[in-house]
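K.L.:
Can you read through this structure? Questions will come right after.
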Number of protein chains: 2
Amino acid sequence: MSPQASATAASGHDAGAGKPARAPALAIAGLITDAFAAVGLPPHDAAKVAELMTEADLTGADAHGVFRLPQYVKRIKEGGINTRPDIRVTKTAAGTALVDGDNGMGHLVMARTAETAIELAREAGVGWAGARRSNHAGAAGVYAALALPHDMIGLYGAVSSANHMAPWGGIDMLLGTNPLAAAIPAGEEAPVVLDIATSVVSYGTVKNHRLQNRPMPEGWVVGAKDGLPVTDPSRMDGLLLPIGGYKGSGLAIVIGLLAGVLNGAAVGRDVVDFNADAKTEANTGQFVIALDIKRFIALDQFKAGVDRHLRDLRGSKLLPGFDAIRLPGEQRRKRRAERLRDGVPIVPELMTQLDKLAAELRIKPLGER
Amino acid sequence: MSPQASATAASGHDAGAGKPARAPALAIAGLITDAFAAVGLPPHDAAKVAELMTEADLTGADAHGVFRLPQYVKRIKEGGINTRPDIRVTKTAAGTALVDGDNGMGHLVMARTAETAIELAREAGVGWAGARRSNHAGAAGVYAALALPHDMIGLYGAVSSANHMAPWGGIDMLLGTNPLAAAIPAGEEAPVVLDIATSVVSYGTVKNHRLQNRPMPEGWVVGAKDGLPVTDPSRMDGLLLPIGGYKGSGLAIVIGLLAGVLNGAAVGRDVVDFNADAKTEANTGQFVIALDIKRFIALDQFKAGVDRHLRDLRGSKLLPGFDAIRLPGEQRRKRRAERLRDGVPIVPELMTQLDKLAAELRIKPLGER
C-alpha cells in the first residue's frame with residue numbers, strides 16, 4: 001500500500017469535493033440540536049446527539065458528524081427511529097450489563113452504554129456493556145474515548161449499518177466492515193485512539209472517490225461477479241476488501257458475533273441497510289468495554305510507559321515516501337485543537353444540503369449561526 | 001492477495017520442507033514432558049506444558065507446538081526461564097486480576113491466567129486477567145479456546161517475543177506482530193477460533209520460505225533501508241508489513257499497550273528477542289478476557305444465532321480462485337480430528353532436531369514412543 005493511499009484512508013473524509021467553508025463547532029452543534037428538536041427529540045436528547053456528532057467533526061471523522069444529519073432526519077421522519085425511547089440498562093453481573101436502546105438514536109444509546117461500562121469498571125475493574133435495539137451511532141472512536149477522562153481504557157465494537165463485505169473467498173455481501181475502536185490514556189502524549197473498520201477503506205472513501213470521479217487504487221474493491229480489481233468508483237457492484245484477507249474477514253465476523261448475536265441484535269442477513277431503508281427498525285448492536293488502569297498498575301507509571309513507547313515509535317527512522325510517523329490519536333488531538341480554533345471545514349456540497357434541510361425544518365441555517 | 005498466499009499464511013506451517021512422518025499426539029506429549037522434566041520442570045508442570053504445546057500441534061499451529069521444544073530447552077538451560085516459578089495471582093477487583101509469572105514457562109502462566117479470567121467471569125460476568133513476567137506461550141488460539149468448555153467467550157492478546165515490525169511509515173523494528181485471538185462457542189458448527197498476528201504473514205512463514213528457498217509474493221516484507229518489496233526470503237533485513245497498513249500497525253500498538261505496559265511487562269525497545277538471547281528474563285506480557293455468554297442472552301439462543309450466521313457466510317457464492325469459504329475455527333476442528341486419528345505430521349528436518357535433543361537429554365526419541 002502506498003503512503004498516499006493510507007493517508008486518504010486515514011482521513012476518513014467523504015463529505016465531498018470543493019473548497020470548504022469553516023463553521024464554528026458551536027454553530028454546528030446548534031444546527032444539529034435545532035434539527036433534531038424540530039423532528040421530535042426532547043431538547044436534552046437533541047443536544048446530547050449534537051454534542052457527540054460535533055465531536056466526530058472536531059476530531060476529523062468527517063463522515064460521521066454533521067454530514068450524517070440529513071440521513072438521520074430522513075430516518076426519523078420516515079419512522080425508522082424512536083424519538084422518545086425508553087433506554088433500559090440491565091446490570092446482569094458485577095461487570096456486565098445489557099442496554100436495550102428501544103430503537104432510539106444510536107448516539108444516545110451508545111453514550112448510555114459507555115457510561116454504564118465506566119460505572120461497572122469503577123466497581124469491578126472491568127465493565128462490558130452490550131447494546132441491542134440501537135442505531136448507527138457515528139464515529140466509533142468517540143465512544144471509546146469517553147473512558148479517557150476517567151483514566152480508563154475504552155474499547156468499542158459495532159455491527160455496521162450496512163453490509164459492504166463478503167466473507168473471505170466469497171461474494172455475498174453478508175458482512176459489515178464492523179469497526180473497532182480503542183482509546184488508551186497517555187501522559188503528555190495524545191491518548192492513543194484507534195478507530196478502524198475491518199476493510200482496507202471505508203465505503204465513505206469509495207463514495208468520496210465517486211463524487212470526485214477519481215480512480216481508486218487496486219486492493220480496495222473487487223467486483224462481486226468476477227473478483228477482479230475495481231478502480232472505477234462509479235461501479236456500484238463492488239465489494240470492499242478486508243484488511244489482511246482472511247484476517248480482516250475473521251475480525252469482522254468476531255466483532256459481529258460480539259456486538260450482534262451476543263446482544264440479540266441483527267447480524268448478517270438481518271442487517272437493515274440504512275442507506276436504502278429508512279423505515280425498518282435496524283436493531284443495531286454495539287458494545288463498550290471500560291477497563292480501570294489502576295487495577296493493574298499505578299496510573300503515573302502507566303502513562304509514563306505509554307509516553308515512552310509512543311515517543312520511541314515516533315522517533316523511528318522513516319521509510320522513503322513518508323514524512324512522519326503518525327500514531328493513532330495524534331492527528332485527532334491536533335485536528336481537534338485546530339478545528340476548535342478555526343472551525344470545522346464544511347464543503348460546498350454539504351453546505352447546500354444543510355441549508356436545504358434548515359429551510360425544510362424552518363430552523364436557522366448554519367451560515368447565520 | 002491471492003487465495004494461494006492466504007492459504008499459506010493461514011496454515012502457520014514453518015516446520016520445514018520434506019515429506020512429513022506422522023507422530024501420535026500422545027507420543028509428542030510424552031517427548032515434551034520428558035524433555036522438560038529432564039531440564040528441571042516439576043513433572044506436573046512438564047505435563048501441563050506438553051498438553052498445551054501438543055494442542056497447538058493438533059490444531060494446526062505447527063510453528064507453536066513441538067517445533068519450539070529445542071528453543072525452549074535451550075532457554076531453560078541458559079537460565080532464561082525459571083523452572084520452579086511461584087506464579088502469583090492477585091485479584092484486584094471483582095472482574096480483574098494481575099498474574100505475576102515469576103519468569104516461568106509462558107504456557108503455565110497463560111493457563112493460570114486463562115483459568116483466572118474464567119473464574120472471574122463466573123462471578124462478575126467478565127474477567128480480564130493480565131500477566132507480567134511471563135514468557136512465550138505458543139499458540140494464542142489455545143488460550144482463548146480454554147474458555148469454550150465453560151460456554152464462555154475467550155479473548156487473548158500478547159506482546160510478541162521479538163520485534164519484526166516497525167510503526168507504519170517507519171523502519172525501526174520497535175513493534176511486535178502482537179497477536180490477537182478470539183474463541184466463540186457455536187452450536188453444531190465449529191466454534192469460531194480466530195488466531196492472527198497483526199502482520200500480513202508471520203515471521204515463521206518467512207523462515208519457511210527461506211528453508212525451502214521459495215520467493216515470497218510482494219506485500220509481505222519490505223527492506224528496512226529502502227522500503228522496497230523483498231521477495232528473496234534469504235534477506236535478513238526485512239520488515240514484516242502490518243495488515244491494512246496503518247490499521248494493523250495501530251492494532252499492534254494497542255495490543256502492546258494492553259498486554260505490555262498495562263501489566264508492567266516489556267514492550268518496544270525493552271522486548272528481549274528470544275531468537276537471539278536465551279539468557280535474559282523476557283518479562284513477556286499477555287492478557288486473557290473471559291466473557292460469560294448467559295449474562296447477555298440464553299446460551300441456546302446464542303449458539304443458534306452463531307450457527308445461522310456461520311452457515312449463511314459459508315453458503316456465500318465463491319469468488320473465482322476459491323474452492324470454499326473457510327471460516328475461522330473450521331479448519332482447526334477438522335485438523336484436530338484428523339491429527340488425533342492419523343497423528344501429527346513431523347517434517348524430516350524437525351524429526352532430526354528432536355532426535356538430537358532426545359539424545360542430548362537421554363530421553364526416549366519420538367520414533368520409539
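Naming works like this for the C-alpha cells: A, B, ... for the chains as they're shown, residue 1 at the start of each chain, ligands 1 onward in shown order.
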Restrict the calculation to only C-alpha atoms, then for each residue of segment 151-255 of chain B with any atom at most 12 Å from an atom of segment 136-160 of chain A give the closest atom pair and their distance in Å to one decimal, rows by chain and rising residue number, as CSV.

P.N.:
```
residue,atom,partner,partner_atom,distance
B:Leu251,CA,A:Leu155,CA,12.0
B:Val254,CA,A:Leu155,CA,10.3
B:Ile255,CA,A:Leu155,CA,11.6
```

K.L.:
Give me, as a VMD selection string, the contact residues of chain A against chain B at a cut-off of 6 Å, counting only C-alpha atoms.

P.N.:
chain A and resid 92 to 96 124 to 126 169 to 172 200 227 243 to 244 263 295 to 296 316 to 319 322 325

K.L.:
Please, what distance in Å, to one decimal, runs between atom CA of Met53 of chain B and atom CA of Gly106 of chain B?

P.N.:
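Interatomic distance here is 10.9 Å.
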
K.L.:
Between B:Ala186, B:Ala276, B:Ile118, B:Val49, which has the minimum distance to Asp300 of chain B (counting only C-alpha atoms)?

P.N.:
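Under the stated criterion, the closest residue is B:Ala186.
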
K.L.:
Considering only C-alpha atoms, return as a PDB file with N, CA and C atoms, in the first residue's frame whatever protein or nucleic-acid residues lie within 12 Å of Glu360 of chain B, sequence-local ones (same chain, fewer than 3 positions apart) excluded.

P.N.:
```
ATOM      1  N   ALA B  35      11.250 -34.177  28.155  1.00  0.00           N
ATOM      2  CA  ALA B  35      12.294 -33.184  27.890  1.00  0.00           C
ATOM      3  C   ALA B  35      12.293 -32.105  28.970  1.00  0.00           C
ATOM      4  N   ALA B  38      13.506 -33.395  32.221  1.00  0.00           N
ATOM      5  CA  ALA B  38      14.964 -33.589  32.201  1.00  0.00           C
ATOM      6  C   ALA B  38      15.729 -32.293  32.474  1.00  0.00           C
ATOM      7  N   VAL B  39      15.117 -31.163  32.149  1.00  0.00           N
ATOM      8  CA  VAL B  39      15.817 -29.890  32.396  1.00  0.00           C
ATOM      9  C   VAL B  39      15.284 -29.182  33.643  1.00  0.00           C
ATOM     10  N   PRO B  70      13.119 -27.484  21.046  1.00  0.00           N
ATOM     11  CA  PRO B  70      14.563 -27.247  21.202  1.00  0.00           C
ATOM     12  C   PRO B  70      14.877 -25.838  21.710  1.00  0.00           C
ATOM     13  N   VAL B  73      14.031 -25.549  25.466  1.00  0.00           N
ATOM     14  CA  VAL B  73      15.017 -26.281  26.268  1.00  0.00           C
ATOM     15  C   VAL B  73      16.314 -25.482  26.358  1.00  0.00           C
ATOM     16  N   LYS B  74      16.724 -24.925  25.222  1.00  0.00           N
ATOM     17  CA  LYS B  74      17.936 -24.094  25.201  1.00  0.00           C
ATOM     18  C   LYS B  74      17.793 -22.933  26.190  1.00  0.00           C
ATOM     19  N   LYS B  77      18.097 -24.130  29.723  1.00  0.00           N
ATOM     20  CA  LYS B  77      19.491 -24.485  30.037  1.00  0.00           C
ATOM     21  C   LYS B  77      20.361 -23.251  30.231  1.00  0.00           C
ATOM     22  N   GLN B 353      16.037 -32.718  14.438  1.00  0.00           N
ATOM     23  CA  GLN B 353      16.287 -31.862  15.601  1.00  0.00           C
ATOM     24  C   GLN B 353      15.791 -32.496  16.890  1.00  0.00           C
ATOM     25  N   LEU B 354      14.607 -33.098  16.812  1.00  0.00           N
ATOM     26  CA  LEU B 354      14.014 -33.692  18.018  1.00  0.00           C
ATOM     27  C   LEU B 354      14.803 -34.927  18.452  1.00  0.00           C
ATOM     28  N   ASP B 355      15.296 -35.695  17.469  1.00  0.00           N
ATOM     29  CA  ASP B 355      16.118 -36.872  17.809  1.00  0.00           C
ATOM     30  C   ASP B 355      17.423 -36.444  18.480  1.00  0.00           C
ATOM     31  N   LYS B 356      18.000 -35.374  17.962  1.00  0.00           N
ATOM     32  CA  LYS B 356      19.245 -34.843  18.536  1.00  0.00           C
ATOM     33  C   LYS B 356      18.995 -34.391  19.989  1.00  0.00           C
ATOM     34  N   LEU B 357      17.890 -33.715  20.176  1.00  0.00           N
ATOM     35  CA  LEU B 357      17.543 -33.233  21.516  1.00  0.00           C
ATOM     36  C   LEU B 357      17.334 -34.405  22.476  1.00  0.00           C
ATOM     37  N   ILE B 363      16.636 -39.033  26.734  1.00  0.00           N
ATOM     38  CA  ILE B 363      15.241 -39.476  26.856  1.00  0.00           C
ATOM     39  C   ILE B 363      14.889 -40.247  25.586  1.00  0.00           C
ATOM     40  N   LYS B 364      13.800 -40.981  25.632  1.00  0.00           N
ATOM     41  CA  LYS B 364      13.378 -41.820  24.513  1.00  0.00           C
ATOM     42  C   LYS B 364      12.992 -40.948  23.303  1.00  0.00           C
ATOM     43  N   PRO B 365      13.536 -41.219  22.123  1.00  0.00           N
ATOM     44  CA  PRO B 365      13.191 -40.388  20.970  1.00  0.00           C
ATOM     45  C   PRO B 365      11.734 -40.599  20.527  1.00  0.00           C
TER      46      PRO B 365
END
```

K.L.:
For Arg88 of chain A, list every protein, DNA or RNA residue within 8 Å, evaluated using only C-alpha atoms, and leave out those in the same chain fewer than 3 positions away; present the list as JSON, numbers by chain.

P.N.:
{"A": [99, 100, 101, 102]}

K.L.:
Do you have the atom CA of Met236 of chain A-atom CA of Ala162 of chain A distance handy?

P.N.:
14.2 Å

K.L.:
Applying 12 Å and only C-alpha atoms, which residues near Arg235 of chain A remain after dropping the ones on its own chain fewer than 4 positions away? List them as a PDB file with C-alpha atoms, in the first residue's frame.

P.N.:
```
ATOM      1  CA  VAL A 206     -15.319   4.930  -2.126  1.00  0.00           C
ATOM      2  CA  LYS A 207     -18.238   7.402  -2.218  1.00  0.00           C
ATOM      3  CA  HIS A 209     -13.829   8.988  -4.953  1.00  0.00           C
ATOM      4  CA  ARG A 210     -17.117   8.592  -6.819  1.00  0.00           C
ATOM      5  CA  ASN A 213     -14.539  10.948 -10.140  1.00  0.00           C
ATOM      6  CA  PRO A 215      -9.916   6.290  -9.826  1.00  0.00           C
ATOM      7  CA  MET A 216      -9.252   4.010  -6.867  1.00  0.00           C
ATOM      8  CA  VAL A 221     -12.572  -3.023  -4.043  1.00  0.00           C
ATOM      9  CA  VAL A 222     -13.213  -6.090  -6.206  1.00  0.00           C
ATOM     10  CA  GLY A 223     -16.136  -6.842  -8.464  1.00  0.00           C
ATOM     11  CA  ALA A 224     -18.734  -9.039  -6.854  1.00  0.00           C
ATOM     12  CA  PRO A 229      -9.930  -5.265  -9.027  1.00  0.00           C
ATOM     13  CA  VAL A 230     -12.364  -2.363  -9.425  1.00  0.00           C
ATOM     14  CA  THR A 231     -10.716   1.015  -9.877  1.00  0.00           C
ATOM     15  CA  LEU A 239     -17.120  -5.492  -2.528  1.00  0.00           C
TER      16      LEU A 239
END
```

K.L.:
Can you measure atom CA of Asn283 of chain B to atom CA of Pro179 of chain B for me? One decimal in Å is fine.

P.N.:
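Distance between the two atoms: 16.6 Å.
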
K.L.:
Using DSSP on the backbone coordinates, identify the residues of segment 117-361 of chain A assigned to helix (DSSP H, G or I); present them as JSON, numbers by chain.

P.N.:
{"A": [117, 118, 119, 120, 121, 122, 123, 124, 140, 141, 142, 143, 144, 145, 146, 147, 148, 149, 150, 203, 204, 205, 206, 207, 208, 209, 210, 211, 212, 246, 247, 248, 249, 250, 251, 252, 253, 254, 255, 256, 257, 258, 259, 261, 262, 263, 268, 269, 270, 293, 294, 295, 299, 300, 301, 302, 303, 304, 305, 306, 307, 308, 309, 310, 311, 312, 313, 314, 330, 331, 332, 333, 334, 335, 336, 337, 338, 339, 340, 341, 342, 348, 349, 350, 351, 352, 353, 354, 355, 356, 357, 358, 359, 360, 361]}

K.L.:
Pull C-alpha atoms from the residues just selected and write them as an mmCIF file, in the first residue's frame.

P.N.:
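So the final result, stored in selection.cif, reads:
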```
data_model
loop_
_atom_site.group_PDB
_atom_site.id
_atom_site.type_symbol
_atom_site.label_atom_id
_atom_site.label_comp_id
_atom_site.auth_asym_id
_atom_site.auth_seq_id
_atom_site.Cartn_x
_atom_site.Cartn_y
_atom_site.Cartn_z
ATOM 1 C CA ALA A 117 -19.351 0.313 31.164
ATOM 2 C CA ILE A 118 -17.430 3.019 33.031
ATOM 3 C CA GLU A 119 -19.643 2.672 36.126
ATOM 4 C CA LEU A 120 -19.229 -1.095 36.078
ATOM 5 C CA ALA A 121 -15.456 -0.788 35.718
ATOM 6 C CA ARG A 122 -15.271 1.548 38.681
ATOM 7 C CA GLU A 123 -16.503 -1.297 40.889
ATOM 8 C CA ALA A 124 -15.472 -4.451 39.048
ATOM 9 C CA ALA A 140 -16.575 4.568 16.966
ATOM 10 C CA GLY A 141 -13.629 6.461 18.447
ATOM 11 C CA VAL A 142 -15.909 8.977 20.161
ATOM 12 C CA TYR A 143 -17.408 6.269 22.391
ATOM 13 C CA ALA A 144 -14.143 4.518 23.197
ATOM 14 C CA ALA A 145 -12.736 7.946 24.119
ATOM 15 C CA LEU A 146 -15.488 8.549 26.701
ATOM 16 C CA ALA A 147 -13.432 6.365 29.055
ATOM 17 C CA LEU A 148 -10.365 8.631 28.862
ATOM 18 C CA PRO A 149 -11.395 11.372 31.341
ATOM 19 C CA HIS A 150 -11.951 8.586 33.883
ATOM 20 C CA TYR A 203 -17.442 2.789 1.950
ATOM 21 C CA GLY A 204 -17.333 6.530 2.581
ATOM 22 C CA THR A 205 -13.910 6.689 0.943
ATOM 23 C CA VAL A 206 -15.319 4.930 -2.126
ATOM 24 C CA LYS A 207 -18.238 7.402 -2.218
ATOM 25 C CA ASN A 208 -15.796 10.279 -1.956
ATOM 26 C CA HIS A 209 -13.829 8.988 -4.953
ATOM 27 C CA ARG A 210 -17.117 8.592 -6.819
ATOM 28 C CA LEU A 211 -18.085 12.179 -6.043
ATOM 29 C CA GLN A 212 -14.716 13.435 -7.251
ATOM 30 C CA TYR A 246 -8.892 -13.780 5.854
ATOM 31 C CA LYS A 247 -7.647 -11.882 8.920
ATOM 32 C CA GLY A 248 -9.854 -8.827 8.455
ATOM 33 C CA SER A 249 -12.743 -11.049 7.433
ATOM 34 C CA GLY A 250 -12.270 -13.057 10.637
ATOM 35 C CA LEU A 251 -12.104 -9.886 12.729
ATOM 36 C CA ALA A 252 -15.346 -8.656 11.167
ATOM 37 C CA ILE A 253 -17.017 -11.989 11.964
ATOM 38 C CA VAL A 254 -15.802 -11.914 15.583
ATOM 39 C CA ILE A 255 -16.888 -8.298 16.122
ATOM 40 C CA GLY A 256 -20.250 -9.095 14.521
ATOM 41 C CA LEU A 257 -20.834 -12.005 16.899
ATOM 42 C CA LEU A 258 -19.770 -9.994 19.979
ATOM 43 C CA ALA A 259 -21.717 -6.840 19.081
ATOM 44 C CA VAL A 261 -25.548 -12.092 18.230
ATOM 45 C CA LEU A 262 -24.418 -11.801 21.872
ATOM 46 C CA ASN A 263 -26.702 -8.799 22.417
ATOM 47 C CA GLY A 268 -25.542 -10.750 8.522
ATOM 48 C CA ARG A 269 -28.741 -11.229 6.553
ATOM 49 C CA ASP A 270 -30.810 -9.448 9.231
ATOM 50 C CA ILE A 293 -5.977 1.069 34.693
ATOM 51 C CA LYS A 294 -5.201 1.378 38.383
ATOM 52 C CA ARG A 295 -6.359 -2.211 38.966
ATOM 53 C CA LEU A 299 -1.623 5.420 36.817
ATOM 54 C CA ASP A 300 1.533 7.562 36.642
ATOM 55 C CA GLN A 301 3.626 4.560 35.778
ATOM 56 C CA PHE A 302 1.183 3.519 33.063
ATOM 57 C CA LYS A 303 1.078 6.962 31.477
ATOM 58 C CA ALA A 304 4.862 7.278 31.579
ATOM 59 C CA GLY A 305 5.191 3.859 29.941
ATOM 60 C CA VAL A 306 2.726 4.777 27.196
ATOM 61 C CA ASP A 307 4.512 8.080 26.561
ATOM 62 C CA ARG A 308 7.890 6.409 26.348
ATOM 63 C CA HIS A 309 6.729 3.755 23.883
ATOM 64 C CA LEU A 310 4.909 6.308 21.710
ATOM 65 C CA ARG A 311 7.995 8.558 21.614
ATOM 66 C CA ASP A 312 10.195 5.633 20.659
ATOM 67 C CA LEU A 313 7.801 4.725 17.851
ATOM 68 C CA ARG A 314 7.540 8.303 16.606
ATOM 69 C CA GLU A 330 -2.104 12.109 17.423
ATOM 70 C CA GLN A 331 -3.773 13.668 14.388
ATOM 71 C CA ARG A 332 -7.066 13.535 16.195
ATOM 72 C CA ARG A 333 -5.798 15.731 19.015
ATOM 73 C CA LYS A 334 -4.110 18.207 16.658
ATOM 74 C CA ARG A 335 -7.182 18.404 14.460
ATOM 75 C CA ARG A 336 -9.476 18.954 17.431
ATOM 76 C CA ALA A 337 -7.432 21.907 18.675
ATOM 77 C CA GLU A 338 -7.164 23.386 15.187
ATOM 78 C CA ARG A 339 -10.885 22.989 14.448
ATOM 79 C CA LEU A 340 -11.956 24.368 17.808
ATOM 80 C CA ARG A 341 -9.894 27.443 16.924
ATOM 81 C CA ASP A 342 -10.583 27.793 13.193
ATOM 82 C CA PRO A 348 -19.935 23.358 -0.510
ATOM 83 C CA GLU A 349 -21.917 20.210 -1.404
ATOM 84 C CA LEU A 350 -22.582 19.546 2.275
ATOM 85 C CA MET A 351 -23.389 23.228 2.993
ATOM 86 C CA THR A 352 -26.012 23.127 0.240
ATOM 87 C CA GLN A 353 -27.588 20.019 1.769
ATOM 88 C CA LEU A 354 -27.569 21.525 5.262
ATOM 89 C CA ASP A 355 -29.120 24.791 4.012
ATOM 90 C CA LYS A 356 -31.845 22.834 2.267
ATOM 91 C CA LEU A 357 -32.503 20.872 5.449
ATOM 92 C CA ALA A 358 -32.627 24.049 7.565
ATOM 93 C CA ALA A 359 -35.174 25.557 5.178
ATOM 94 C CA GLU A 360 -37.331 22.407 5.304
ATOM 95 C CA LEU A 361 -37.236 22.312 9.100
#
```

K.L.:
What are the DSSP strand (DSSP E or B) residues of segment 86-335 of chain B, as number ranges by chain?

P.N.:
B: 88-93, 96-100, 126-134, 152-158, 165, 170, 175, 180-184, 192-196, 199, 221-223, 229, 238-240, 242, 284-292, 318

K.L.:
For the selection just defined, write its residues with C-alpha atoms to a file, as a tab-separated table (two decimals), in the first residue's frame.

P.N.:
```
chain	number	residue	atom	x	y	z
B	88	ARG	CA	1.08	-15.44	41.90
B	89	VAL	CA	-2.44	-14.33	41.10
B	90	THR	CA	-3.63	-11.08	42.65
B	91	LYS	CA	-7.33	-10.40	42.29
B	92	THR	CA	-7.60	-6.62	42.14
B	93	ALA	CA	-11.37	-6.23	41.72
B	96	THR	CA	-9.76	-8.09	37.22
B	97	ALA	CA	-6.56	-9.85	38.23
B	98	LEU	CA	-2.85	-9.45	37.68
B	99	VAL	CA	-0.73	-12.58	37.34
B	100	ASP	CA	3.00	-12.47	38.11
B	126	VAL	CA	-16.47	-10.68	32.57
B	127	GLY	CA	-12.94	-11.36	33.70
B	128	TRP	CA	-9.81	-9.57	32.50
B	129	ALA	CA	-6.57	-11.16	33.69
B	130	GLY	CA	-3.24	-9.63	32.74
B	131	ALA	CA	0.15	-11.29	33.07
B	132	ARG	CA	3.62	-9.90	33.64
B	133	ARG	CA	6.93	-11.71	33.95
B	134	SER	CA	5.59	-14.36	31.62
B	152	MET	CA	-17.69	-18.51	27.62
B	153	ILE	CA	-16.05	-16.33	25.01
B	154	GLY	CA	-12.26	-16.06	25.29
B	155	LEU	CA	-10.06	-13.26	24.01
B	156	TYR	CA	-6.27	-13.19	24.15
B	157	GLY	CA	-3.58	-10.66	23.31
B	158	ALA	CA	0.20	-10.74	23.69
B	165	MET	CA	7.53	-4.76	12.58
B	170	GLY	CA	8.96	3.82	9.82
B	175	LEU	CA	6.87	-3.30	17.26
B	180	LEU	CA	-4.85	-11.45	18.95
B	181	ALA	CA	-7.08	-14.48	19.41
B	182	ALA	CA	-10.78	-14.90	19.94
B	183	ALA	CA	-12.79	-18.04	20.68
B	184	ILE	CA	-16.58	-18.05	20.46
B	192	VAL	CA	-15.11	-19.63	15.93
B	193	VAL	CA	-11.42	-19.51	16.77
B	194	LEU	CA	-9.51	-16.63	15.23
B	195	ASP	CA	-5.76	-16.52	15.88
B	196	ILE	CA	-3.97	-13.83	13.93
B	199	SER	CA	1.31	-8.64	10.22
B	221	VAL	CA	8.06	-7.91	3.56
B	222	VAL	CA	9.87	-4.66	2.69
B	223	GLY	CA	13.53	-3.81	3.05
B	229	PRO	CA	9.34	-5.09	-1.66
B	238	GLY	CA	13.24	-7.26	6.05
B	239	LEU	CA	10.34	-5.75	7.96
B	240	LEU	CA	7.03	-7.57	8.16
B	242	PRO	CA	1.16	-4.86	9.04
B	284	THR	CA	6.54	-11.03	28.42
B	285	GLY	CA	3.05	-9.58	28.85
B	286	GLN	CA	-0.25	-11.15	27.81
B	287	PHE	CA	-3.90	-10.90	28.73
B	288	VAL	CA	-6.93	-13.17	28.67
B	289	ILE	CA	-10.52	-11.93	28.78
B	290	ALA	CA	-13.38	-14.32	29.51
B	291	LEU	CA	-16.98	-13.31	28.94
B	292	ASP	CA	-19.97	-15.25	30.25
B	318	LEU	CA	-17.47	-18.09	-4.26
```
